[in-house]
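K.L.:
Below you will find the structure I want to go over with you.
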Amino acid sequence: MANENTLQAIIAHAKEYGFVFPSSEIYDGMGAVYDYGQWGVELKRNVREYWWKWMTQMNEQNIVGIDAAIFMHPTVWKASGHVDNFSDPMIDNKDSKKRYRVDHLIEGYAETLSKEDGEALIAAMEKHIAADDFVGLKTLIETNKIACPISKTVNWTDVRQFNLMFSTEVGSVADEASKIYLRPETAQGIFVNFLNVQKTGRMKIPFGIAQVGKAFRNEIVARGFIFRMREFEQMEMQFFVRPGSQKEWYEYWKTERMKWHSTLGIDPAKYRFHDHIKLAHYADAACDIEYEYPMGFKELEGIHSRTDFDLKNHQELSKKKLQYFDADIDPETGKAYGNYIPYVVETSIGLDRTVLMLMSEAYTEEDLSTEEKQDSRVVLKFIPKLAPVKLAILPLMKKDGLPEVAKALLDECRPHFKCFYEEKDAIGKRYRRMDAIGTPFCVTIDHQTKEDQTVTIRYRDTMVQERIHISAVKDLVLKSL
Ligand code: ATP
């Protein structure tokens, strides 16, 4: 169920413990723009690397990566349809002067209704959106008396389309010819390099090209912390297939992506598929993988069967052939498949939305009170392979040679995984700080260590402590990864 308090607690925790800060905070921040702090950046990097490895190294399909520039020739966005179509229906409140995405406004109101009424309203909205019926959308808002959250009035403009791309100028003369866009998706960098990669990599269809990078959208409503940002990171993979086989590959990638998700330590009941009713201008089938965030089920990843839309349009506008010669024999005709523009199945997941999912899932408040005293802790229960820090090495005291023993262990472990070393404060306090950033293992070096080379290892989730030989620490952590 939607729980705004949990989201607020996660936002506060993320800031207090160095995961995510509001951008330019000393100037009061910027709407829907965030900076990752020292632990957030590690978490994000672990997710990015895990996705990359899964796609380009562990996958049984032939997938390679690229890193295309953010700036692209402006015609790219004409060919892709973004100049004409990348817009959302918007409505302005005449009193507050605030602009809203119509679907967000109606969805927000639906959440305040009973389950049945809310679903009926969403269904009516989706019908109007599918039919591009802007008058119907406005009527829906008016008949339900959906008010502006700020002015509390229902004094609305007509519904209009609003383009989400950021533009800027390249070079010294600012005119229409020098106008370029910040990419709103990474996919186009893959399409325009399709033949470069296919030829130089001697890739045979079916094959994939993966990319991770920044994308920019002028989102009107800043909502949901790092769920909806103006600058965010996408992890996308375009899979090039023979025309006619796209439905099969679409199903394949739905299953395959869920396999990846099932390794992240997330409760499977918190995932669901949502089929698109209104298909994007490029798709012949599309669905979202949704996760149940604290604010309810929301899109985390899109799987889209993009047909040959992008390559065909790039071929037309660039006047360069973007075709593949398929020498395999078509069993129906007995001849080679020959030249064609491949079809594409895309998987596109937001890195920041994945981080928010992991934080939402990991965030746990525990009451540890006993009869003698009140106690509690906040712990982030990340699976070890994604945790920002894997091992904390904590000498019990700053003297008697304990730091020297601890530093020797640090030197042994840090080439293999991220460690954290700390000498200050009571050990209980140090444990709690490691719980708060999700460190799965803490090792304490005490006087007994010097006698028998054993250390206390403390497990984050159970808080169980046991003594093990110091030489076993590195392998114990490595095994968990
Ligand atoms: P939404 O309907 O939530 O605006 P979308 O359908 O426009 O998302 P896509 O164009 O399919 O999103 O982009 C692919 C993925 O990129 C999304 O599933 C999401 O994880 C991520 N993404 C899109 N927009 C944003 C954003 N503004 N902030 C963070 N991540 C985003």
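All residue names refer to the structure tokens as shown: chains lettered A, B, ... in order, residues numbered from 1 in each chain, ligands numbered from 1 in order.
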Could you give me the residues within stretch 127-225 of chain A that DSSP places in alpha helix (DSSP H), as a PyMOL selection string?
P.N.:
chain A and resi 127-130+134-143+187-192+194-200
K.L.:
Give me the residues within 6 Å of A:Ile303 as a list in words, counting only C-alpha atoms and dropping any in the same chain fewer than 3 places off.
P.N.:
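So, after excluding close chain neighbours, the residues are Ala286, Cys287, Glu346 and Thr347 of chain A.
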K.L.:
Mind dumping a table of every chain A residue within 9 Å of ligand 1, with the nearest atom pair and its distance in Å to one decimal, using only C-alpha atoms and all ligand atoms, sorted by chain and rising number, as a Markdown table?
P.N.:
| residue | atom | partner | partner_atom_place_in_ligand_line | distance |
| --- | --- | --- | --- | --- |
| A:Ala32 | CA | ligand 1 | 27 (N) | 8.2 |
| A:Pro184 | CA | ligand 1 | 10 (O) | 8.1 |
| A:Glu185 | CA | ligand 1 | 10 (O) | 7.0 |
| A:Ala215 | CA | ligand 1 | 25 (C) | 8.2 |
| A:Phe216 | CA | ligand 1 | 27 (N) | 7.5 |
| A:Arg217 | CA | ligand 1 | 27 (N) | 6.1 |
| A:Asn218 | CA | ligand 1 | 27 (N) | 7.9 |
| A:Glu219 | CA | ligand 1 | 27 (N) | 6.1 |
| A:Ala222 | CA | ligand 1 | 27 (N) | 8.7 |
| A:Ile226 | CA | ligand 1 | 29 (C) | 6.3 |
| A:Phe227 | CA | ligand 1 | 29 (C) | 5.0 |
| A:Arg228 | CA | ligand 1 | 28 (N) | 3.5 |
| A:Met229 | CA | ligand 1 | 28 (N) | 3.9 |
| A:Arg230 | CA | ligand 1 | 27 (N) | 5.4 |
| A:Glu231 | CA | ligand 1 | 28 (N) | 6.9 |
| A:Phe232 | CA | ligand 1 | 29 (C) | 5.2 |
| A:Glu233 | CA | ligand 1 | 30 (N) | 6.8 |
| A:Gln234 | CA | ligand 1 | 16 (O) | 5.5 |
| A:Met235 | CA | ligand 1 | 16 (O) | 7.9 |
| A:Glu236 | CA | ligand 1 | 14 (C) | 8.0 |
| A:Ala280 | CA | ligand 1 | 6 (O) | 8.9 |
| A:Asp288 | CA | ligand 1 | 18 (O) | 6.9 |
| A:Ile289 | CA | ligand 1 | 18 (O) | 7.8 |
| A:Glu290 | CA | ligand 1 | 18 (O) | 8.6 |
| A:Lys298 | CA | ligand 1 | 3 (O) | 7.3 |
| A:Glu299 | CA | ligand 1 | 18 (O) | 5.4 |
| A:Leu300 | CA | ligand 1 | 20 (O) | 4.3 |
| A:Glu301 | CA | ligand 1 | 18 (O) | 3.6 |
| A:Gly302 | CA | ligand 1 | 18 (O) | 4.7 |
| A:Ile303 | CA | ligand 1 | 11 (O) | 7.7 |
| A:His304 | CA | ligand 1 | 11 (O) | 8.1 |
| A:Thr347 | CA | ligand 1 | 14 (C) | 8.1 |
| A:Ser348 | CA | ligand 1 | 14 (C) | 4.8 |
| A:Ile349 | CA | ligand 1 | 20 (O) | 4.4 |
| A:Gly350 | CA | ligand 1 | 20 (O) | 3.2 |
| A:Leu351 | CA | ligand 1 | 20 (O) | 6.8 |
| A:Asp352 | CA | ligand 1 | 29 (C) | 5.9 |
| A:Arg353 | CA | ligand 1 | 20 (O) | 5.4 |
| A:Thr354 | CA | ligand 1 | 20 (O) | 7.4 |
K.L.:
Calculated over only C-alpha atoms, which of the candidates A:Leu322, A:Val192, A:Leu481, A:Ala387 has the smallest distance to A:Trp77?
P.N.:
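Using only C-alpha atoms, the shortest distance to A:Trp77 belongs to A:Val192.
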K.L.:
Using only C-alpha atoms, which protein or nucleic acid residues come within 12 Å of A:Ser480? Drop anything in the same chain fewer than 5 positions from it, and give the result as a compact mmCIF listing (two decimals) with all heavy atoms, in the first residue's frame.
P.N.:
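Generated output (selection03.txt):
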# COMPACT_ATOMS: atom_id res chain seq x y z
N PHE A 382 20.83 -4.81 2.33
CA PHE A 382 21.23 -5.09 0.94
C PHE A 382 21.84 -6.48 0.86
O PHE A 382 22.52 -6.91 1.81
CB PHE A 382 22.32 -4.12 0.48
CG PHE A 382 21.92 -2.68 0.46
CD1 PHE A 382 22.67 -1.73 1.16
CD2 PHE A 382 20.83 -2.24 -0.28
CE1 PHE A 382 22.34 -0.39 1.13
CE2 PHE A 382 20.49 -0.89 -0.30
CZ PHE A 382 21.24 0.04 0.40
N ILE A 383 21.67 -7.15 -0.29
CA ILE A 383 22.43 -8.38 -0.46
C ILE A 383 23.91 -7.98 -0.56
O ILE A 383 24.24 -6.90 -1.09
CB ILE A 383 21.98 -9.20 -1.70
CG1 ILE A 383 22.00 -8.35 -2.97
CG2 ILE A 383 20.62 -9.81 -1.49
CD1 ILE A 383 21.84 -9.16 -4.24
N PRO A 384 24.81 -8.83 -0.04
CA PRO A 384 26.23 -8.42 0.04
C PRO A 384 26.80 -7.92 -1.29
O PRO A 384 27.53 -6.94 -1.31
CB PRO A 384 26.93 -9.68 0.52
CG PRO A 384 25.89 -10.38 1.33
CD PRO A 384 24.58 -10.12 0.64
N LYS A 385 26.46 -8.55 -2.41
CA LYS A 385 27.13 -8.14 -3.66
C LYS A 385 26.76 -6.71 -4.06
O LYS A 385 27.49 -6.08 -4.82
CB LYS A 385 26.89 -9.13 -4.79
CG LYS A 385 25.51 -9.16 -5.39
CD LYS A 385 25.48 -10.05 -6.63
CE LYS A 385 24.05 -10.29 -7.05
NZ LYS A 385 23.62 -11.67 -7.00
N LEU A 386 25.66 -6.17 -3.57
CA LEU A 386 25.30 -4.80 -3.92
C LEU A 386 25.61 -3.79 -2.82
O LEU A 386 25.59 -2.58 -3.05
CB LEU A 386 23.81 -4.72 -4.28
CG LEU A 386 23.38 -5.56 -5.48
CD1 LEU A 386 21.88 -5.41 -5.74
CD2 LEU A 386 24.15 -5.18 -6.75
N ALA A 387 25.91 -4.26 -1.63
CA ALA A 387 26.15 -3.35 -0.50
C ALA A 387 27.33 -2.42 -0.82
O ALA A 387 28.32 -2.87 -1.40
CB ALA A 387 26.43 -4.16 0.76
N LYS A 390 31.49 -3.89 2.02
CA LYS A 390 31.26 -5.31 2.33
C LYS A 390 31.72 -5.66 3.74
O LYS A 390 31.13 -6.50 4.40
CB LYS A 390 32.02 -6.21 1.34
CG LYS A 390 31.99 -5.79 -0.11
CD LYS A 390 30.60 -5.80 -0.70
CE LYS A 390 30.66 -5.41 -2.18
NZ LYS A 390 29.36 -5.05 -2.71
N LEU A 391 32.81 -5.04 4.16
CA LEU A 391 33.40 -5.44 5.44
C LEU A 391 33.89 -4.21 6.20
O LEU A 391 34.62 -3.39 5.63
CB LEU A 391 34.59 -6.38 5.17
CG LEU A 391 35.42 -6.80 6.38
CD1 LEU A 391 34.62 -7.73 7.30
CD2 LEU A 391 36.70 -7.50 5.94
N PHE A 417 37.60 -6.38 -2.21
CA PHE A 417 36.26 -5.78 -2.03
C PHE A 417 36.38 -4.54 -1.16
O PHE A 417 37.42 -4.33 -0.50
CB PHE A 417 35.26 -6.78 -1.42
CG PHE A 417 35.80 -7.58 -0.27
CD1 PHE A 417 35.89 -7.02 1.00
CD2 PHE A 417 36.24 -8.88 -0.46
CE1 PHE A 417 36.40 -7.74 2.06
CE2 PHE A 417 36.77 -9.61 0.61
CZ PHE A 417 36.85 -9.04 1.87
N PRO A 440 27.36 -5.74 5.39
CA PRO A 440 26.91 -7.05 5.87
C PRO A 440 27.79 -7.67 6.96
O PRO A 440 27.31 -8.46 7.75
CB PRO A 440 26.90 -7.92 4.61
CG PRO A 440 27.71 -7.20 3.60
CD PRO A 440 27.72 -5.75 3.96
N PHE A 441 29.10 -7.32 6.97
CA PHE A 441 29.99 -7.95 7.95
C PHE A 441 30.84 -6.91 8.68
O PHE A 441 31.39 -6.01 8.05
CB PHE A 441 30.95 -8.94 7.27
CG PHE A 441 30.25 -9.96 6.41
CD1 PHE A 441 30.22 -9.80 5.03
CD2 PHE A 441 29.61 -11.05 6.98
CE1 PHE A 441 29.56 -10.73 4.23
CE2 PHE A 441 28.96 -11.98 6.18
CZ PHE A 441 28.93 -11.82 4.81
N TYR A 459 27.35 -10.44 12.12
CA TYR A 459 26.51 -10.47 10.92
C TYR A 459 25.42 -9.42 11.05
O TYR A 459 24.72 -9.38 12.06
CB TYR A 459 25.91 -11.87 10.73
CG TYR A 459 26.97 -12.93 10.59
CD1 TYR A 459 27.40 -13.67 11.70
CD2 TYR A 459 27.59 -13.17 9.37
CE1 TYR A 459 28.40 -14.63 11.59
CE2 TYR A 459 28.58 -14.13 9.25
CZ TYR A 459 28.98 -14.86 10.37
OH TYR A 459 29.98 -15.80 10.25
N VAL A 473 38.68 -14.61 7.28
CA VAL A 473 37.77 -13.48 7.06
C VAL A 473 37.57 -13.20 5.56
O VAL A 473 36.45 -13.12 5.06
CB VAL A 473 38.28 -12.21 7.77
CG1 VAL A 473 37.44 -11.00 7.39
CG2 VAL A 473 38.23 -12.42 9.29
N LYS A 474 38.68 -13.05 4.85
CA LYS A 474 38.59 -12.66 3.44
C LYS A 474 37.72 -13.65 2.64
O LYS A 474 36.83 -13.24 1.91
CB LYS A 474 40.00 -12.59 2.82
CG LYS A 474 39.99 -12.06 1.40
CD LYS A 474 41.35 -12.17 0.74
CE LYS A 474 41.51 -13.55 0.15
NZ LYS A 474 42.86 -13.86 -0.26
N ASP A 475 37.97 -14.94 2.84
CA ASP A 475 37.21 -15.93 2.07
C ASP A 475 35.74 -15.96 2.46
O ASP A 475 34.87 -16.17 1.61
CB ASP A 475 37.82 -17.33 2.23
CG ASP A 475 39.11 -17.44 1.42
OD1 ASP A 475 39.32 -16.56 0.55
OD2 ASP A 475 39.91 -18.36 1.67
K.L.:
If you count only C-alpha atoms, which residues fall within 6 Å of stretch 90-96 of chain A, apart from same-chain ones fewer than 3 positions away, as a PDB file with N, CA, C and O atoms, in the first residue's frame?
P.N.:
ATOM      1  N   ARG A  99       1.758  23.653 -13.566  1.00  0.00           N
ATOM      2  CA  ARG A  99       1.451  22.743 -14.681  1.00  0.00           C
ATOM      3  C   ARG A  99       1.563  21.301 -14.196  1.00  0.00           C
ATOM      4  O   ARG A  99       2.479  20.950 -13.455  1.00  0.00           O
ATOM      5  N   TYR A 100       0.640  20.458 -14.623  1.00  0.00           N
ATOM      6  CA  TYR A 100       0.629  19.059 -14.195  1.00  0.00           C
ATOM      7  C   TYR A 100       0.556  18.137 -15.391  1.00  0.00           C
ATOM      8  O   TYR A 100      -0.081  18.453 -16.391  1.00  0.00           O
ATOM      9  N   ARG A 101       1.180  16.976 -15.236  1.00  0.00           N
ATOM     10  CA  ARG A 101       0.931  15.913 -16.209  1.00  0.00           C
ATOM     11  C   ARG A 101      -0.446  15.371 -15.883  1.00  0.00           C
ATOM     12  O   ARG A 101      -0.716  15.025 -14.730  1.00  0.00           O
ATOM     13  N   VAL A 102      -1.276  15.268 -16.902  1.00  0.00           N
ATOM     14  CA  VAL A 102      -2.671  14.888 -16.652  1.00  0.00           C
ATOM     15  C   VAL A 102      -2.759  13.522 -15.975  1.00  0.00           C
ATOM     16  O   VAL A 102      -3.534  13.330 -15.029  1.00  0.00           O
ATOM     17  N   SER A 151      -3.584  25.428  -5.252  1.00  0.00           N
ATOM     18  CA  SER A 151      -4.620  26.462  -5.117  1.00  0.00           C
ATOM     19  C   SER A 151      -5.939  25.902  -4.594  1.00  0.00           C
ATOM     20  O   SER A 151      -6.812  26.642  -4.173  1.00  0.00           O
ATOM     21  N   ASN A 155      -9.965  25.380 -11.516  1.00  0.00           N
ATOM     22  CA  ASN A 155      -9.916  26.367 -12.586  1.00  0.00           C
ATOM     23  C   ASN A 155      -8.789  25.993 -13.556  1.00  0.00           C
ATOM     24  O   ASN A 155      -7.661  26.475 -13.458  1.00  0.00           O
ATOM     25  N   TRP A 156      -9.112  25.080 -14.532  1.00  0.00           N
ATOM     26  CA  TRP A 156      -8.073  24.479 -15.377  1.00  0.00           C
ATOM     27  C   TRP A 156      -8.059  25.052 -16.803  1.00  0.00           C
ATOM     28  O   TRP A 156      -9.099  25.427 -17.333  1.00  0.00           O
ATOM     29  N   THR A 157      -6.885  25.051 -17.412  1.00  0.00           N
ATOM     30  CA  THR A 157      -6.789  25.341 -18.857  1.00  0.00           C
ATOM     31  C   THR A 157      -7.189  24.090 -19.627  1.00  0.00           C
ATOM     32  O   THR A 157      -7.453  23.045 -19.025  1.00  0.00           O
ATOM     33  N   VAL A 159      -6.288  20.809 -21.996  1.00  0.00           N
ATOM     34  CA  VAL A 159      -5.162  19.875 -21.965  1.00  0.00           C
ATOM     35  C   VAL A 159      -4.317  20.087 -23.224  1.00  0.00           C
ATOM     36  O   VAL A 159      -4.859  20.217 -24.323  1.00  0.00           O
ATOM     37  N   ARG A 160      -2.990  20.194 -23.045  1.00  0.00           N
ATOM     38  CA  ARG A 160      -2.097  20.418 -24.197  1.00  0.00           C
ATOM     39  C   ARG A 160      -0.907  19.481 -24.126  1.00  0.00           C
ATOM     40  O   ARG A 160      -0.545  18.985 -23.059  1.00  0.00           O
ATOM     41  N   GLN A 161      -0.261  19.286 -25.265  1.00  0.00           N
ATOM     42  CA  GLN A 161       0.955  18.467 -25.302  1.00  0.00           C
ATOM     43  C   GLN A 161       2.155  19.344 -24.960  1.00  0.00           C
ATOM     44  O   GLN A 161       2.210  20.503 -25.328  1.00  0.00           O
TER      45      GLN A 161
END
K.L.:
Can you list every residue in stretch 19-55 of chain A that DSSP puts in strand (DSSP E or B), as an MDAnalysis selection string?
P.N.:
chainID A and resid 20:22 34:36
K.L.:
Could the residues in this selection be written to a file with N, CA and C atoms, as an mmCIF file, in the first residue's frame?
P.N.:
data_model
loop_
_atom_site.group_PDB
_atom_site.id
_atom_site.type_symbol
_atom_site.label_atom_id
_atom_site.label_comp_id
_atom_site.auth_asym_id
_atom_site.auth_seq_id
_atom_site.Cartn_x
_atom_site.Cartn_y
_atom_site.Cartn_z
ATOM 1 N N VAL A 20 22.122 9.947 -0.946
ATOM 2 C CA VAL A 20 21.608 10.877 -1.957
ATOM 3 C C VAL A 20 21.367 12.237 -1.319
ATOM 4 N N PHE A 21 21.896 13.289 -1.958
ATOM 5 C CA PHE A 21 21.674 14.669 -1.503
ATOM 6 C C PHE A 21 20.874 15.429 -2.550
ATOM 7 N N PRO A 22 20.076 16.411 -2.121
ATOM 8 C CA PRO A 22 19.456 17.288 -3.114
ATOM 9 C C PRO A 22 20.567 18.027 -3.863
ATOM 10 N N TYR A 34 19.235 15.321 -8.297
ATOM 11 C CA TYR A 34 19.867 14.820 -7.071
ATOM 12 C C TYR A 34 21.320 14.452 -7.315
ATOM 13 N N ASP A 35 22.103 14.497 -6.230
ATOM 14 C CA ASP A 35 23.505 14.074 -6.276
ATOM 15 C C ASP A 35 23.655 12.819 -5.416
ATOM 16 N N TYR A 36 24.513 11.911 -5.875
ATOM 17 C CA TYR A 36 24.796 10.721 -5.075
ATOM 18 C C TYR A 36 26.001 10.974 -4.190
#
K.L.:
Please indicate the distance in Å from atom CA of A:Arg414 to atom CA of A:Thr56, rounded to one decimal place.
P.N.:
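Taking atom CA of A:Arg414 as the start and atom CA of A:Thr56 as the end point, the length is 26.0 Å.
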K.L.:
Using only C-alpha atoms, which protein or nucleic acid residues come within 7 Å of A:Phe71? Drop anything in the same chain fewer than 6 positions from it, and give the result as a PDB file with N, CA and C atoms, in the first residue's frame.
P.N.:
ATOM      1  N   TYR A 181      19.720  18.731 -28.797  1.00  0.00           N
ATOM      2  CA  TYR A 181      18.985  18.257 -27.620  1.00  0.00           C
ATOM      3  C   TYR A 181      19.887  17.431 -26.717  1.00  0.00           C
ATOM      4  N   LEU A 182      19.562  17.455 -25.441  1.00  0.00           N
ATOM      5  CA  LEU A 182      20.179  16.480 -24.539  1.00  0.00           C
ATOM      6  C   LEU A 182      19.368  15.195 -24.699  1.00  0.00           C
ATOM      7  N   ARG A 183      20.035  14.075 -24.891  1.00  0.00           N
ATOM      8  CA  ARG A 183      19.286  12.850 -25.242  1.00  0.00           C
ATOM      9  C   ARG A 183      18.253  12.488 -24.158  1.00  0.00           C
TER      10      ARG A 183
END
K.L.:
Under the rule that only C-alpha atoms are counted, which of A:Pro206, A:Gly189, A:Gly296, A:Gly213 is the nearest residue to A:Trp52?
P.N.:
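The answer is A:Gly213, which sits nearest to A:Trp52.
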K.L.:
Please report the interatomic distance between atom CA of A:Lys399 and atom CA of A:Gly428 in Å with one decimal.
P.N.:
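Computing the Euclidean distance for atom CA of A:Lys399 and atom CA of A:Gly428 yields 18.3 Å.
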K.L.:
Could you list, with a cut-off of 12 Å and counting only C-alpha atoms, the residues of stretch 188-287 of chain A near stretch 333-341 of chain A, each shown with its nearest atom pair and the distance in Å rounded to one decimal, rows sorted by chain and ascending number, as a tab-separated table?
P.N.:
residue	atom	partner	partner_atom	distance
A:Phe191	CA	A:Ile341	CA	11.5
A:Phe194	CA	A:Ile341	CA	10.7
A:Leu195	CA	A:Ile341	CA	10.8
A:Ile205	CA	A:Ile341	CA	11.1
A:Phe240	CA	A:Ile341	CA	9.3
A:Val241	CA	A:Ile341	CA	9.2
A:Arg242	CA	A:Tyr340	CA	8.2
A:Pro243	CA	A:Ile341	CA	7.8
A:Gly244	CA	A:Tyr340	CA	11.5
K.L.:
Which of these, A:Val378, A:Ala426, A:Ile470, A:Ala14, has the shortest distance to A:Glu365 once you count only C-alpha atoms?
P.N.:
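For A:Glu365, the nearest of the given residues is A:Val378.
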K.L.:
When you count only C-alpha atoms, which of these residues is closest to A:Thr439: A:Glu371, A:Glu366, A:Asp425, A:Asp461?
P.N.:
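Using only C-alpha atoms, the shortest distance to A:Thr439 belongs to A:Asp461.
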K.L.:
Show me, as an MDAnalysis selection string, the residues that have an atom within 6 Å of A:Val443 when counting only C-alpha atoms, minus same-chain residues fewer than 3 positions from it.
P.N.:
chainID A and resid 393:394 456:457
K.L.:
What's the separation between atom CA of A:Asn193 and atom CA of A:Asn313, in Å to one decimal place?
P.N.:
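Between atom CA of A:Asn193 and atom CA of A:Asn313 the gap is 14.0 Å.
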K.L.:
Please provide as a PyMOL selection string all residues within 12 Å of stretch 196-204 of chain A, with the sequence filter that same-chain residues fewer than 3 positions apart are discarded (counting only C-alpha atoms).
P.N.:
chain A and resi 61-68+189-193+207-210+239-242+321-328+342
K.L.:
Write a file of the just-selected residues containing N, CA, C and O atoms, as a CSV table (one decimal), in the first residue's frame.
P.N.:
chain,number,residue,atom,x,y,z
A,61,GLN,N,23.1,-14.9,-24.8
A,61,GLN,CA,22.9,-14.3,-26.1
A,61,GLN,C,24.2,-13.4,-26.4
A,61,GLN,O,25.0,-13.1,-25.4
A,62,ASN,N,24.4,-13.1,-27.6
A,62,ASN,CA,25.6,-12.3,-28.0
A,62,ASN,C,25.3,-10.9,-27.8
A,62,ASN,O,24.6,-10.3,-28.7
A,63,ILE,N,25.8,-10.3,-26.8
A,63,ILE,CA,25.6,-8.9,-26.5
A,63,ILE,C,26.9,-8.1,-26.2
A,63,ILE,O,27.7,-8.6,-25.4
A,64,VAL,N,27.1,-7.0,-26.9
A,64,VAL,CA,28.3,-6.2,-26.6
A,64,VAL,C,27.8,-4.8,-26.2
A,64,VAL,O,26.7,-4.4,-26.3
A,65,GLY,N,28.7,-4.0,-25.6
A,65,GLY,CA,28.4,-2.7,-25.1
A,65,GLY,C,29.0,-1.6,-25.9
A,65,GLY,O,29.9,-1.8,-26.7
A,66,ILE,N,28.4,-0.4,-25.8
A,66,ILE,CA,29.0,0.8,-26.4
A,66,ILE,C,28.8,1.9,-25.4
A,66,ILE,O,28.1,1.8,-24.4
A,67,ASP,N,29.5,3.1,-25.7
A,67,ASP,CA,29.3,4.3,-24.9
A,67,ASP,C,29.2,5.4,-25.8
A,67,ASP,O,30.2,6.0,-26.2
A,68,ALA,N,28.0,5.8,-26.2
A,68,ALA,CA,27.8,6.8,-27.2
A,68,ALA,C,27.7,8.2,-26.5
A,68,ALA,O,27.4,8.3,-25.3
A,189,GLY,N,21.6,6.2,-29.5
A,189,GLY,CA,23.1,6.1,-29.6
A,189,GLY,C,23.4,4.7,-30.1
A,189,GLY,O,24.4,4.5,-30.9
A,190,ILE,N,22.6,3.7,-29.7
A,190,ILE,CA,22.7,2.3,-30.2
A,190,ILE,C,22.3,2.2,-31.6
A,190,ILE,O,23.0,1.6,-32.5
A,191,PHE,N,21.1,2.8,-32.0
A,191,PHE,CA,20.6,2.6,-33.3
A,191,PHE,C,21.6,3.2,-34.4
A,191,PHE,O,21.8,2.6,-35.4
A,192,VAL,N,22.1,4.4,-34.1
A,192,VAL,CA,22.9,5.0,-35.1
A,192,VAL,C,24.3,4.3,-35.2
A,192,VAL,O,25.0,4.5,-36.2
A,193,ASN,N,24.6,3.5,-34.2
A,193,ASN,CA,25.9,2.7,-34.3
A,193,ASN,C,25.7,1.3,-34.7
A,193,ASN,O,26.6,0.5,-34.7
A,207,PHE,N,21.5,-10.5,-32.1
A,207,PHE,CA,22.6,-10.0,-31.2
A,207,PHE,C,22.1,-8.7,-30.5
A,207,PHE,O,21.1,-8.1,-31.0
A,208,GLY,N,22.8,-8.3,-29.5
A,208,GLY,CA,22.3,-7.1,-28.7
A,208,GLY,C,23.4,-6.1,-28.5
A,208,GLY,O,24.6,-6.5,-28.6
A,209,ILE,N,23.1,-4.9,-28.3
A,209,ILE,CA,24.0,-3.8,-28.0
A,209,ILE,C,23.5,-3.2,-26.7
A,209,ILE,O,22.3,-2.8,-26.6
A,210,ALA,N,24.4,-3.1,-25.7
A,210,ALA,CA,24.0,-2.5,-24.4
A,210,ALA,C,24.6,-1.2,-24.2
A,210,ALA,O,25.7,-1.0,-24.7
A,239,PHE,N,18.0,-5.4,-28.8
A,239,PHE,CA,18.3,-6.8,-29.3
A,239,PHE,C,17.8,-6.9,-30.7
A,239,PHE,O,16.6,-6.7,-31.0
A,240,PHE,N,18.7,-7.1,-31.7
A,240,PHE,CA,18.3,-7.0,-33.1
A,240,PHE,C,18.0,-8.4,-33.6
A,240,PHE,O,18.8,-9.4,-33.4
A,241,VAL,N,16.8,-8.6,-34.2
A,241,VAL,CA,16.3,-9.9,-34.5
A,241,VAL,C,15.7,-9.9,-36.0
A,241,VAL,O,15.5,-8.8,-36.5
A,242,ARG,N,15.5,-11.1,-36.4
A,242,ARG,CA,14.9,-11.3,-37.8
A,242,ARG,C,13.4,-10.8,-37.7
A,242,ARG,O,12.7,-11.1,-36.8
A,321,LYS,N,22.2,3.1,-45.9
A,321,LYS,CA,21.5,1.8,-45.7
A,321,LYS,C,21.8,1.2,-44.4
A,321,LYS,O,23.0,1.2,-44.0
A,322,LEU,N,20.8,0.9,-43.6
A,322,LEU,CA,21.0,0.3,-42.3
A,322,LEU,C,20.5,-1.1,-42.3
A,322,LEU,O,19.5,-1.4,-41.6
A,323,GLN,N,21.0,-1.9,-43.2
A,323,GLN,CA,20.5,-3.3,-43.4
A,323,GLN,C,21.5,-4.3,-43.0
A,323,GLN,O,22.7,-4.1,-43.0
A,324,TYR,N,21.0,-5.5,-42.9
A,324,TYR,CA,21.8,-6.6,-42.5
A,324,TYR,C,21.6,-7.7,-43.6
A,324,TYR,O,20.5,-7.9,-44.0
A,325,PHE,N,22.7,-8.4,-44.0
A,325,PHE,CA,22.6,-9.5,-44.9
A,325,PHE,C,22.6,-10.8,-44.1
A,325,PHE,O,23.6,-11.1,-43.4
A,326,ASP,N,21.5,-11.5,-44.2
A,326,ASP,CA,21.3,-12.7,-43.5
A,326,ASP,C,21.5,-13.9,-44.4
A,326,ASP,O,20.6,-14.2,-45.3
A,327,ALA,N,22.6,-14.6,-44.2
A,327,ALA,CA,22.9,-15.7,-45.2
A,327,ALA,C,22.3,-17.0,-44.8
A,327,ALA,O,22.3,-18.0,-45.5
A,328,ASP,N,21.6,-17.1,-43.6
A,328,ASP,CA,20.9,-18.3,-43.2
A,328,ASP,C,19.8,-18.6,-44.2
A,328,ASP,O,19.2,-17.7,-44.8
A,342,PRO,N,16.6,-5.1,-39.5
A,342,PRO,CA,16.3,-5.9,-38.3
A,342,PRO,C,15.1,-5.3,-37.5
A,342,PRO,O,15.0,-4.1,-37.5
